[in-house]
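See below for the structure under consideration.
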Amino acid sequence: MTITAGTKLGRYEIRAKIGEGGMGEVYVAQDTKLDRKIALKVLPADLASNRDRMERFVREAKSAAALNHPHIAHIYEIGESEGVNFIAMEYIDGETLREKIHRDKTPLSKLLKYLMQVAEGLAKAHSAGIVHRDLKPDNIMITRDDYAKILDFGLAKLVEPQMPLIPATLVQVKLPLPSWLSIRSPAW
Ligand SMILES: Nc1ncnc2c1ncn2[C@@H]1O[C@H](COP(=O)(O)OP(=O)(O)O)[C@@H](O)[C@H]1O
Ligand SMILES: [Mg+2]
């Protein structure tokens, strides 16, 4: 099925494409029952037949749906219409943190505020035993009202909740850094 403005997927009517990621396309749509804007993440038909992709898609919906937090995008439902699988979620009116930091010079205090909010969302996820595993500026949205919201629990993993914390002084962990994160060694 070709998805364009006006396409109906169950109760949702597509308005426009707003994003694209590793797993599918994201559209803004109208929920015709509740009369509100929502975001629909659609898994392309060719990927729906791929078991790994389908599992990742369902995992994303379940992980995020298990969480109810102001800094995590809300999941409304996971559905299928005429062979098209989709996740209906809260529409976030804003831009990704990546777009924002590439567009203007955001003051450090503001960036820290966003990251504190993201940390609160992650703490909530961690207390529910869910680890995001793909946190990056593309997966954080900043709303027009200036709040951060975490997206994309597609790579999330369920772990034992409340694992004992190992004091950082007892372990030395060397993690590979993703290319978008550049950290300079301190001068001392
Ligand atoms: N709920 C949403 N509201 C508004 N835009 C969204 C929403 N979810 C995703 N997007 C847009 O779509 C892009 C891809 O979404 P994401 O969930 O990261 O999918 P993927 O798994 O494909 O990377 C995001 O970077 C963002 O621009
Ligand atoms: Mg993403």
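As shown in the structure tokens, the chain order sets the letters A, B, ...; within each chain, residues go from 1, and ligands are also counted from 1 in the order they appear.
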
For this session: Find the residues near ligand 2. Use a cut-off of 10 Å, count only C-alpha atoms and all ligand atoms, and write them as a list in words.
Result: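 Going residue by residue within 10 Å of ligand 2, we get Gly19, Glu20, Gly21, Gly22, Met23, Gly24, Thr96, Asp134, Leu135, Lys136, Pro137, Asp138, Asn139, Ile140, Ile150, Leu151, Asp152, Phe153, Gly154 and Leu155 of chain A.
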
Take the residues just selected and output them with C-alpha atoms as an mmCIF file, in the first residue's frame.
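Generated output (selection11.cif):
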```cif
data_model
loop_
_atom_site.group_PDB
_atom_site.id
_atom_site.type_symbol
_atom_site.label_atom_id
_atom_site.label_comp_id
_atom_site.auth_asym_id
_atom_site.auth_seq_id
_atom_site.Cartn_x
_atom_site.Cartn_y
_atom_site.Cartn_z
ATOM 1 C CA GLY A 19 10.234 11.542 9.814
ATOM 2 C CA GLU A 20 12.122 8.528 8.746
ATOM 3 C CA GLY A 21 14.336 6.235 10.714
ATOM 4 C CA GLY A 22 16.004 2.887 10.689
ATOM 5 C CA MET A 23 12.747 1.072 11.147
ATOM 6 C CA GLY A 24 10.122 2.850 9.172
ATOM 7 C CA THR A 96 14.766 16.543 17.435
ATOM 8 C CA ASP A 134 19.872 3.840 21.547
ATOM 9 C CA LEU A 135 19.875 7.204 23.249
ATOM 10 C CA LYS A 136 21.154 9.930 20.932
ATOM 11 C CA PRO A 137 20.080 13.421 19.839
ATOM 12 C CA ASP A 138 17.946 11.963 16.980
ATOM 13 C CA ASN A 139 15.887 10.063 19.531
ATOM 14 C CA ILE A 140 15.177 13.023 21.785
ATOM 15 C CA ILE A 150 12.487 10.386 24.579
ATOM 16 C CA LEU A 151 11.541 8.449 21.422
ATOM 17 C CA ASP A 152 12.372 5.168 19.804
ATOM 18 C CA PHE A 153 12.478 2.275 22.235
ATOM 19 C CA GLY A 154 13.116 -0.007 19.244
ATOM 20 C CA LEU A 155 16.362 -1.358 20.662
#
```

May I have all residues of segment 116-157 of chain A that DSSP, computed from the backbone, assigns to helix (DSSP H, G or I), given as a JSON list (two decimals) with C-alpha atoms, in the first residue's frame?
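Just written: states-v5.json:
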```
[["chain", "number", "residue", "atom", "x", "y", "z"],
["A", 116, "MET", "CA", 17.95, 16.38, 33.26],
["A", 117, "GLN", "CA", 14.49, 15.68, 31.86],
["A", 118, "VAL", "CA", 15.84, 12.86, 29.71],
["A", 119, "ALA", "CA", 17.61, 11.46, 32.79],
["A", 120, "GLU", "CA", 14.30, 11.52, 34.68],
["A", 121, "GLY", "CA", 12.62, 9.61, 31.85],
["A", 122, "LEU", "CA", 15.45, 7.09, 31.75],
["A", 123, "ALA", "CA", 15.33, 6.65, 35.53],
["A", 124, "LYS", "CA", 11.65, 5.80, 35.21],
["A", 125, "ALA", "CA", 12.42, 3.31, 32.43],
["A", 126, "HIS", "CA", 15.27, 1.78, 34.42],
["A", 127, "SER", "CA", 13.11, 1.36, 37.51],
["A", 137, "PRO", "CA", 20.08, 13.42, 19.84],
["A", 138, "ASP", "CA", 17.95, 11.96, 16.98],
["A", 139, "ASN", "CA", 15.89, 10.06, 19.53]]
```

Exercise. Do you know which residues are at most 9 Å from segment 80-89 of chain A counting only C-alpha atoms, after dropping those on the same chain fewer than 3 positions away, and could you put them as a ChimeraX atom specification?
Worked result: /A:1,8-10,12,38-45,48,54,57-58,60-61,73-77,92

Take the residues from that selection and write them out as a compact mmCIF listing (two decimals), in the first residue's frame, keeping C-alpha atoms.
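Dumped everything to out16.txt:
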```txt
# COMPACT_ATOMS: atom_id res chain seq x y z
CA MET A 1 0.00 0.00 0.00
CA LYS A 8 -6.75 5.64 6.10
CA LEU A 9 -5.23 3.11 8.46
CA GLY A 10 -8.10 2.05 10.68
CA TYR A 12 -6.22 7.12 11.58
CA ILE A 38 -1.23 11.68 16.57
CA ALA A 39 2.04 10.29 15.20
CA LEU A 40 2.02 6.96 13.37
CA LYS A 41 5.17 4.91 12.96
CA VAL A 42 4.65 2.55 10.05
CA LEU A 43 6.65 -0.60 9.45
CA PRO A 44 7.13 -1.00 5.67
CA ALA A 45 5.46 -4.13 4.28
CA ALA A 48 6.97 -6.79 8.29
CA MET A 54 8.79 -7.23 13.38
CA PHE A 57 8.73 -3.10 16.20
CA VAL A 58 6.57 -4.91 18.75
CA GLU A 60 9.35 -0.79 20.85
CA ALA A 61 5.60 -0.54 21.31
CA ALA A 73 6.59 9.75 24.15
CA HIS A 74 3.28 8.06 24.97
CA ILE A 75 2.20 4.98 23.03
CA TYR A 76 -1.53 4.77 22.32
CA GLU A 77 -1.74 1.47 20.48
CA ILE A 92 5.28 15.72 19.53
```

Exercise. Between A:Arg11, A:Arg56, A:Arg36, A:His132, which is the closest to Ile72 of chain A once you count only C-alpha atoms?
Worked result: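 For Ile72 of chain A, the nearest of the candidates is A:His132.
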
Problem set entry | Residue with smallest distance to ligand 1 - pool A:Leu47, A:Ile14, A:Leu108, A:Leu97, counting only C-alpha atoms and all ligand atoms |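 Comparing A:Leu47, A:Ile14, A:Leu108, A:Leu97 against ligand 1, the winner is A:Leu97.
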
For this session: Work out how far apart atom CA of Asp93 of chain A and atom 8 (N, counted along the ligand's line) of ligand 1 are and give it in Å to one decimal.
Result: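 Rounded to one decimal, the two atoms are 9.8 Å apart.
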
Seminar exercise, completed: One residue among A:Asp104, A:Asp35, A:Glu99, A:Glu160 is nearest to ligand 1 when using only C-alpha atoms and all ligand atoms, and that residue is A:Glu99

For this session: Counting only C-alpha atoms, figure out which residue out of A:Ile78, A:Leu115, A:Ala29, A:Ala64 gets nearest to Tyr91 of chain A.
Result: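 Ranking A:Ile78, A:Leu115, A:Ala29, A:Ala64 by distance to Tyr91 of chain A, first place goes to A:Ala29.
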
For this session: Could you check which of A:Ala66, A:Ala148, A:Leu34, A:Val28 is closest to ligand 1, using only C-alpha atoms and all ligand atoms?
Result: A:Val28

For this session: Rank nothing, just name the residue among A:Glu13, A:Asp46, A:Glu90, A:Asp145 nearest to Thr32 of chain A, using only C-alpha atoms.
Result: A:Glu13

Exercise. Atom CA of Lys157 of chain A and atom CA of Ile130 of chain A, how far apart in Å?
Worked result: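 Atom-to-atom, atom CA of Ile130 of chain A to atom CA of Lys157 of chain A, that is 5.7 Å.
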
Exercise. Near Gly94 of chain A, counting only C-alpha atoms, which residues have an atom at most 8 Å away, once you skip same-chain residues fewer than 3 positions from it, shown as a PyMOL selection string?
Worked result: chain A and resi 141-144

Can I get the selection written as a PDB file, in the first residue's frame, with C-alpha atoms?
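In the end it all went to again.pdb:
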```pdb
ATOM      1  CA  MET A 141      12.575  15.567  20.743  1.00  0.00           C
ATOM      2  CA  ILE A 142      12.259  19.088  22.102  1.00  0.00           C
ATOM      3  CA  THR A 143       8.680  20.335  22.086  1.00  0.00           C
ATOM      4  CA  ARG A 144       7.651  23.873  21.170  1.00  0.00           C
TER       5      ARG A 144
END
```

Exercise. Per DSSP on the backbone, what are the strand (DSSP E or B) residues of segment 41-126 of chain A, as number ranges by chain?
Worked result: A: 41-43, 72, 75-81, 84-90, 94-96
